[in-house]
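Below is protein12.cif, holding mmCIF, N, CA, C and O atoms.
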```
data_final
#
loop_
_atom_site.label_atom_id
_atom_site.label_comp_id
_atom_site.auth_asym_id
_atom_site.auth_seq_id
_atom_site.Cartn_x
_atom_site.Cartn_y
_atom_site.Cartn_z
N MET A 149 46.39 35.12 87.78
CA MET A 149 45.36 36.14 87.62
C MET A 149 45.21 36.58 86.17
O MET A 149 44.14 36.97 85.77
N LYS A 150 46.33 36.50 85.45
CA LYS A 150 46.28 36.93 84.06
C LYS A 150 45.36 36.03 83.24
O LYS A 150 44.58 36.51 82.42
N SER A 151 45.42 34.71 83.50
CA SER A 151 44.57 33.79 82.74
C SER A 151 43.10 34.01 83.08
O SER A 151 42.24 33.92 82.20
N LEU A 152 42.79 34.31 84.34
CA LEU A 152 41.42 34.62 84.72
C LEU A 152 40.95 35.89 84.02
O LEU A 152 39.81 35.98 83.55
N GLY A 153 41.81 36.88 83.93
CA GLY A 153 41.48 38.12 83.23
C GLY A 153 41.20 37.89 81.76
O GLY A 153 40.27 38.47 81.20
N ILE A 154 41.99 37.02 81.14
CA ILE A 154 41.77 36.71 79.72
C ILE A 154 40.43 36.01 79.53
O ILE A 154 39.67 36.35 78.61
N VAL A 155 40.13 35.05 80.40
CA VAL A 155 38.85 34.33 80.31
C VAL A 155 37.68 35.28 80.51
O VAL A 155 36.70 35.24 79.76
N LEU A 156 37.77 36.15 81.51
CA LEU A 156 36.68 37.12 81.75
C LEU A 156 36.51 38.07 80.57
O LEU A 156 35.38 38.39 80.19
N ALA A 157 37.61 38.52 79.98
CA ALA A 157 37.52 39.43 78.85
C ALA A 157 36.88 38.74 77.64
O ALA A 157 36.04 39.34 76.95
N ILE A 158 37.22 37.49 77.41
CA ILE A 158 36.63 36.76 76.28
C ILE A 158 35.14 36.53 76.50
O ILE A 158 34.32 36.77 75.61
N ILE A 159 34.78 36.09 77.70
CA ILE A 159 33.36 35.87 78.00
C ILE A 159 32.58 37.18 77.92
O ILE A 159 31.47 37.23 77.38
N GLY A 160 33.15 38.27 78.43
CA GLY A 160 32.49 39.57 78.35
C GLY A 160 32.29 40.03 76.91
O GLY A 160 31.24 40.56 76.56
N GLY A 161 33.29 39.81 76.07
CA GLY A 161 33.15 40.17 74.65
C GLY A 161 32.07 39.37 73.96
O GLY A 161 31.28 39.91 73.18
N ILE A 162 32.01 38.07 74.26
CA ILE A 162 30.96 37.23 73.66
C ILE A 162 29.59 37.67 74.15
O ILE A 162 28.63 37.72 73.37
N MET A 163 29.49 38.01 75.45
CA MET A 163 28.20 38.45 75.98
C MET A 163 27.75 39.78 75.38
O MET A 163 26.56 40.04 75.28
N LEU A 164 28.70 40.62 74.98
CA LEU A 164 28.33 41.88 74.32
C LEU A 164 27.81 41.61 72.91
O LEU A 164 26.91 42.29 72.44
N LEU A 165 28.41 40.63 72.23
CA LEU A 165 27.98 40.32 70.86
C LEU A 165 26.66 39.58 70.82
O LEU A 165 25.81 39.85 69.97
N TYR A 166 26.47 38.62 71.73
CA TYR A 166 25.25 37.82 71.77
C TYR A 166 24.54 38.09 73.08
O TYR A 166 25.06 37.78 74.14
N THR A 167 23.34 38.67 73.00
CA THR A 167 22.63 39.04 74.22
C THR A 167 21.75 37.92 74.75
O THR A 167 20.93 38.15 75.63
N GLY A 168 21.90 36.72 74.22
CA GLY A 168 21.13 35.59 74.71
C GLY A 168 21.07 34.48 73.68
O GLY A 168 21.63 34.60 72.60
N PHE A 169 20.39 33.41 74.04
CA PHE A 169 20.21 32.31 73.12
C PHE A 169 18.88 31.63 73.41
O PHE A 169 18.25 31.86 74.44
N THR A 170 18.44 30.81 72.47
CA THR A 170 17.17 30.10 72.57
C THR A 170 17.42 28.62 72.39
O THR A 170 18.23 28.23 71.56
N PHE A 171 16.74 27.81 73.18
CA PHE A 171 16.79 26.37 72.98
C PHE A 171 15.39 25.78 73.08
O PHE A 171 14.49 26.39 73.63
N THR A 172 15.20 24.61 72.49
CA THR A 172 13.90 23.99 72.39
C THR A 172 13.91 22.64 73.12
O THR A 172 14.85 21.88 72.99
N THR A 173 12.83 22.39 73.87
CA THR A 173 12.64 21.10 74.51
C THR A 173 11.30 20.52 74.09
O THR A 173 10.39 21.26 73.71
N LYS A 174 11.18 19.20 74.15
CA LYS A 174 9.90 18.54 73.87
C LYS A 174 9.17 18.34 75.18
O LYS A 174 9.75 17.91 76.17
N GLU A 175 7.87 18.64 75.17
CA GLU A 175 7.05 18.52 76.36
C GLU A 175 5.89 17.59 76.04
O GLU A 175 5.16 17.80 75.08
N LYS A 176 5.70 16.54 76.85
CA LYS A 176 4.58 15.62 76.64
C LYS A 176 3.28 16.28 77.04
O LYS A 176 3.16 16.82 78.13
N ILE A 177 2.30 16.18 76.16
CA ILE A 177 0.97 16.70 76.46
C ILE A 177 0.07 15.55 76.89
O ILE A 177 -0.56 15.59 77.94
N ILE A 178 0.03 14.50 76.05
CA ILE A 178 -0.79 13.33 76.34
C ILE A 178 0.05 12.08 76.11
O ILE A 178 0.72 11.95 75.09
N ASP A 179 -0.01 11.16 77.06
CA ASP A 179 0.66 9.87 76.92
C ASP A 179 -0.35 8.80 77.30
O ASP A 179 -0.47 8.42 78.45
N ALA A 180 -1.11 8.33 76.29
CA ALA A 180 -2.17 7.34 76.52
C ALA A 180 -1.81 6.06 75.76
O ALA A 180 -2.24 5.84 74.63
N GLY A 181 -1.02 5.22 76.40
CA GLY A 181 -0.63 3.95 75.76
C GLY A 181 0.22 4.19 74.54
O GLY A 181 1.26 4.84 74.61
N PRO A 182 -0.21 3.68 73.38
CA PRO A 182 0.60 3.84 72.16
C PRO A 182 0.50 5.24 71.55
O PRO A 182 1.27 5.59 70.67
N ILE A 183 -0.43 6.04 72.04
CA ILE A 183 -0.61 7.39 71.50
C ILE A 183 0.11 8.38 72.41
O ILE A 183 -0.12 8.42 73.62
N GLU A 184 0.97 9.16 71.79
CA GLU A 184 1.72 10.16 72.56
C GLU A 184 1.70 11.47 71.78
O GLU A 184 2.03 11.49 70.60
N ILE A 185 1.32 12.53 72.43
CA ILE A 185 1.30 13.85 71.81
C ILE A 185 2.27 14.74 72.58
O ILE A 185 2.21 14.81 73.81
N SER A 186 3.16 15.37 71.84
CA SER A 186 4.11 16.28 72.48
C SER A 186 4.20 17.56 71.67
O SER A 186 3.80 17.61 70.51
N LYS A 187 4.69 18.58 72.31
CA LYS A 187 4.88 19.85 71.61
C LYS A 187 6.27 20.38 71.92
O LYS A 187 6.86 20.07 72.96
N ASP A 188 6.77 21.20 71.01
CA ASP A 188 8.06 21.84 71.21
C ASP A 188 7.85 23.13 71.99
O ASP A 188 6.96 23.92 71.69
N LYS A 189 8.66 23.30 73.02
CA LYS A 189 8.57 24.51 73.83
C LYS A 189 9.90 25.24 73.75
O LYS A 189 10.95 24.67 74.00
N LYS A 190 9.84 26.51 73.36
CA LYS A 190 11.05 27.31 73.24
C LYS A 190 11.35 28.03 74.56
O LYS A 190 10.44 28.55 75.21
N HIS A 191 12.62 28.03 74.91
CA HIS A 191 13.08 28.72 76.12
C HIS A 191 14.10 29.77 75.70
O HIS A 191 15.02 29.49 74.94
N ASN A 192 13.92 30.97 76.21
CA ASN A 192 14.86 32.05 75.93
C ASN A 192 15.72 32.32 77.17
O ASN A 192 15.21 32.43 78.27
N VAL A 193 17.02 32.41 76.95
CA VAL A 193 17.95 32.76 78.01
C VAL A 193 18.63 34.06 77.58
O VAL A 193 19.27 34.11 76.53
N GLY A 194 18.46 35.09 78.35
CA GLY A 194 19.02 36.39 77.97
C GLY A 194 19.70 37.05 79.16
O GLY A 194 19.46 36.71 80.31
N TRP A 195 20.56 37.99 78.84
CA TRP A 195 21.24 38.75 79.88
C TRP A 195 21.42 40.17 79.36
O TRP A 195 21.46 40.42 78.17
N PRO A 196 21.51 41.14 80.26
CA PRO A 196 21.68 42.52 79.82
C PRO A 196 23.09 42.74 79.28
O PRO A 196 24.06 42.15 79.78
N PRO A 197 23.24 43.55 78.25
CA PRO A 197 24.56 43.82 77.68
C PRO A 197 25.53 44.45 78.69
O PRO A 197 26.75 44.27 78.56
N ILE A 198 25.02 45.12 79.71
CA ILE A 198 25.89 45.73 80.70
C ILE A 198 26.68 44.67 81.46
O ILE A 198 27.82 44.91 81.87
N ALA A 199 26.12 43.46 81.61
CA ALA A 199 26.84 42.38 82.29
C ALA A 199 28.08 41.98 81.49
O ALA A 199 29.15 41.75 82.05
N GLY A 200 27.95 41.93 80.17
CA GLY A 200 29.11 41.64 79.33
C GLY A 200 30.15 42.73 79.41
O GLY A 200 31.36 42.47 79.43
N GLY A 201 29.70 43.98 79.46
CA GLY A 201 30.63 45.10 79.59
C GLY A 201 31.39 45.07 80.90
O GLY A 201 32.59 45.33 80.95
N VAL A 202 30.69 44.72 81.99
CA VAL A 202 31.34 44.64 83.30
C VAL A 202 32.40 43.53 83.30
O VAL A 202 33.51 43.72 83.80
N LEU A 203 32.07 42.37 82.73
CA LEU A 203 33.04 41.28 82.67
C LEU A 203 34.24 41.65 81.80
O LEU A 203 35.38 41.32 82.13
N LEU A 204 33.98 42.32 80.69
CA LEU A 204 35.07 42.73 79.80
C LEU A 204 36.01 43.69 80.51
O LEU A 204 37.24 43.53 80.48
N VAL A 205 35.47 44.69 81.18
CA VAL A 205 36.29 45.67 81.90
C VAL A 205 37.05 45.00 83.05
O VAL A 205 38.24 45.26 83.26
N ALA A 206 36.38 44.11 83.78
CA ALA A 206 37.04 43.41 84.88
C ALA A 206 38.20 42.56 84.37
O ALA A 206 39.27 42.51 84.98
N GLY A 207 38.01 41.90 83.23
CA GLY A 207 39.08 41.11 82.66
C GLY A 207 40.26 41.95 82.23
O GLY A 207 41.42 41.60 82.46
N ILE A 208 39.98 43.10 81.62
CA ILE A 208 41.05 43.99 81.19
C ILE A 208 41.81 44.54 82.40
O ILE A 208 43.04 44.62 82.39
N VAL A 209 41.08 44.88 83.46
CA VAL A 209 41.73 45.38 84.68
C VAL A 209 42.65 44.31 85.27
O VAL A 209 43.77 44.59 85.68
N LEU A 210 42.19 43.05 85.30
CA LEU A 210 43.03 41.98 85.83
C LEU A 210 44.28 41.77 84.98
O LEU A 210 45.36 41.52 85.51
N ILE A 211 44.15 41.87 83.68
CA ILE A 211 45.31 41.70 82.79
C ILE A 211 46.31 42.81 83.00
O ILE A 211 47.52 42.58 83.10
N VAL A 212 45.83 44.07 83.06
CA VAL A 212 46.73 45.22 83.19
C VAL A 212 47.41 45.23 84.56
O VAL A 212 48.61 45.48 84.64
N THR A 213 46.67 44.94 85.62
CA THR A 213 47.28 44.97 86.95
C THR A 213 48.25 43.81 87.14
O THR A 213 49.18 43.92 87.94
N ASP A 214 48.07 42.72 86.45
CA ASP A 214 48.98 41.58 86.57
C ASP A 214 50.33 41.89 85.92
O ASP A 214 51.35 41.42 86.37
N LYS A 215 50.32 42.71 84.87
CA LYS A 215 51.58 43.05 84.19
C LYS A 215 52.43 43.98 85.04
O LYS A 215 53.65 44.02 84.88
N LYS A 216 51.84 44.75 85.94
CA LYS A 216 52.59 45.71 86.75
C LYS A 216 53.38 45.02 87.87
O LYS A 216 54.30 45.59 88.41
N ARG A 217 53.03 43.80 88.22
CA ARG A 217 53.73 43.09 89.32
C ARG A 217 55.02 42.53 88.89
O ARG A 217 55.40 42.11 87.94
#
```
Structure re-expressed in structure tokens:
Amino acid sequence: MKSLGIVLAIIGGIMLLYTGFTFTTKEKIIDAGPIEISKDKKHNVGWPPIAGGVLLVAGIVLIVTDKKR
């Protein structure tokens, strides 16, 4: 349980620092034989900072309760 708590605390801390990320994909618009037109499409992935806080607290709770056993 201690290792799970450490992983949750680390992921929660990272989620508090970074509230999301962006990635780009290529999307075909026209594909007519030798002519191909594509455009870059940006995708945003975000999460609320409270989710990182909950994971951080849950990880700390798991670490502390594991030491008491």
message = I'd like the residues picked by the PyMOL selection byres ((chain A and resi 166) around 8) written out as number ranges by chain, using the chain letters and numbers from the file.
response = A: 159-165, 167-169, 193-197, 200
ask   = Separation of atom N of Val209 in chain A and CA of Gly153 in chain A, in Å?
value =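 Going from atom N of Val209 in chain A over to CA of Gly153 in chain A covers 6.8 Å.
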inquiry  = Using Å and a single decimal, report how far atom C of Val205 in chain A sits from atom C of Ile154 in chain A.
reply    =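 Atom-to-atom, atom C of Ile154 in chain A and atom C of Val205 in chain A are spaced 10.2 Å apart.
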ask   = Where does the PyMOL selection byres ((chain A and resi 171-175) around 8) land in this file, that is, which residues does it pick, as an MDAnalysis selection string?
value = chainID A and resid 168:170 176:178 184:193
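Distance-wise, CA of Val155 in chain A and CA of Leu203 in chain A end up 9.4 Å apart.
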Take the structure in the block and write a file for range 186-201 of chain A, all heavy atoms, as a compact mmCIF listing (two decimals), in the first residue's frame.
```txt
# COMPACT_ATOMS: atom_id res chain seq x y z
N SER A 186 -3.93 18.21 -45.98
CA SER A 186 -4.21 17.88 -44.58
C SER A 186 -4.01 19.12 -43.73
O SER A 186 -3.37 20.08 -44.14
CB SER A 186 -3.30 16.75 -44.11
OG SER A 186 -1.96 17.15 -44.18
N LYS A 187 -4.58 19.08 -42.56
CA LYS A 187 -4.40 20.20 -41.63
C LYS A 187 -4.07 19.64 -40.25
O LYS A 187 -4.41 18.51 -39.92
CB LYS A 187 -5.64 21.09 -41.57
CG LYS A 187 -6.80 20.53 -40.81
CD LYS A 187 -7.89 21.57 -40.65
CE LYS A 187 -8.90 21.11 -39.62
NZ LYS A 187 -9.86 22.13 -39.30
N ASP A 188 -3.39 20.47 -39.47
CA ASP A 188 -3.06 20.10 -38.10
C ASP A 188 -4.23 20.46 -37.20
O ASP A 188 -4.77 21.56 -37.28
CB ASP A 188 -1.81 20.82 -37.63
CG ASP A 188 -0.56 20.35 -38.34
OD1 ASP A 188 -0.57 19.23 -38.87
OD2 ASP A 188 0.43 21.11 -38.37
N LYS A 189 -4.62 19.52 -36.37
CA LYS A 189 -5.71 19.76 -35.43
C LYS A 189 -5.18 19.60 -34.02
O LYS A 189 -4.58 18.59 -33.68
CB LYS A 189 -6.84 18.76 -35.68
CG LYS A 189 -8.08 19.03 -34.88
CD LYS A 189 -9.20 18.12 -35.30
CE LYS A 189 -10.44 18.44 -34.48
NZ LYS A 189 -11.55 17.54 -34.82
N LYS A 190 -5.37 20.64 -33.21
CA LYS A 190 -4.90 20.61 -31.83
C LYS A 190 -5.99 20.05 -30.91
O LYS A 190 -7.16 20.38 -31.05
CB LYS A 190 -4.51 22.01 -31.35
CG LYS A 190 -3.27 22.53 -31.99
CD LYS A 190 -2.82 23.83 -31.36
CE LYS A 190 -1.52 24.27 -31.99
NZ LYS A 190 -0.97 25.43 -31.34
N HIS A 191 -5.56 19.21 -29.99
CA HIS A 191 -6.45 18.62 -29.00
C HIS A 191 -5.96 19.02 -27.62
O HIS A 191 -4.78 18.89 -27.31
CB HIS A 191 -6.46 17.09 -29.10
CG HIS A 191 -6.85 16.58 -30.45
ND1 HIS A 191 -8.16 16.41 -30.84
CD2 HIS A 191 -6.11 16.22 -31.52
CE1 HIS A 191 -8.20 15.94 -32.06
NE2 HIS A 191 -6.95 15.82 -32.51
N ASN A 192 -6.86 19.49 -26.79
CA ASN A 192 -6.53 19.86 -25.42
C ASN A 192 -7.08 18.82 -24.46
O ASN A 192 -8.23 18.43 -24.56
CB ASN A 192 -7.12 21.23 -25.06
CG ASN A 192 -6.50 22.34 -25.85
OD1 ASN A 192 -5.30 22.35 -26.09
ND2 ASN A 192 -7.32 23.29 -26.28
N VAL A 193 -6.23 18.37 -23.55
CA VAL A 193 -6.64 17.46 -22.50
C VAL A 193 -6.41 18.17 -21.17
O VAL A 193 -5.28 18.56 -20.86
CB VAL A 193 -5.84 16.14 -22.54
CG1 VAL A 193 -6.24 15.23 -21.39
CG2 VAL A 193 -6.01 15.45 -23.87
N GLY A 194 -7.45 18.39 -20.43
CA GLY A 194 -7.32 19.12 -19.17
C GLY A 194 -8.08 18.43 -18.05
O GLY A 194 -8.95 17.61 -18.28
N TRP A 195 -7.70 18.77 -16.85
CA TRP A 195 -8.38 18.24 -15.67
C TRP A 195 -8.40 19.33 -14.61
O TRP A 195 -7.56 20.21 -14.59
CB TRP A 195 -7.69 16.98 -15.15
CG TRP A 195 -6.22 17.13 -14.98
CD1 TRP A 195 -5.57 17.74 -13.95
CD2 TRP A 195 -5.21 16.71 -15.88
NE1 TRP A 195 -4.22 17.70 -14.17
CE2 TRP A 195 -3.97 17.07 -15.34
CE3 TRP A 195 -5.23 16.04 -17.10
CZ2 TRP A 195 -2.77 16.81 -15.98
CZ3 TRP A 195 -4.03 15.78 -17.73
CH2 TRP A 195 -2.82 16.16 -17.16
N PRO A 196 -9.37 19.28 -13.71
CA PRO A 196 -9.44 20.31 -12.67
C PRO A 196 -8.33 20.10 -11.64
O PRO A 196 -7.97 18.95 -11.34
CB PRO A 196 -10.82 20.10 -12.05
CG PRO A 196 -11.18 18.70 -12.38
CD PRO A 196 -10.50 18.37 -13.68
N PRO A 197 -7.77 21.17 -11.12
CA PRO A 197 -6.71 21.04 -10.12
C PRO A 197 -7.16 20.30 -8.85
O PRO A 197 -6.33 19.69 -8.18
CB PRO A 197 -6.35 22.49 -9.78
CG PRO A 197 -6.82 23.29 -10.93
CD PRO A 197 -7.99 22.56 -11.50
N ILE A 198 -8.45 20.31 -8.56
CA ILE A 198 -8.94 19.61 -7.38
C ILE A 198 -8.69 18.11 -7.49
O ILE A 198 -8.46 17.44 -6.48
CB ILE A 198 -10.44 19.92 -7.13
CG1 ILE A 198 -10.89 19.42 -5.76
CG2 ILE A 198 -11.31 19.33 -8.19
CD1 ILE A 198 -10.45 20.28 -4.65
N ALA A 199 -8.68 17.57 -8.71
CA ALA A 199 -8.41 16.14 -8.90
C ALA A 199 -6.98 15.81 -8.46
O ALA A 199 -6.73 14.78 -7.82
CB ALA A 199 -8.63 15.74 -10.36
N GLY A 200 -6.04 16.69 -8.79
CA GLY A 200 -4.67 16.48 -8.34
C GLY A 200 -4.54 16.57 -6.84
O GLY A 200 -3.80 15.81 -6.21
N GLY A 201 -5.28 17.51 -6.24
CA GLY A 201 -5.26 17.64 -4.79
C GLY A 201 -5.82 16.41 -4.09
O GLY A 201 -5.28 15.96 -3.08
```
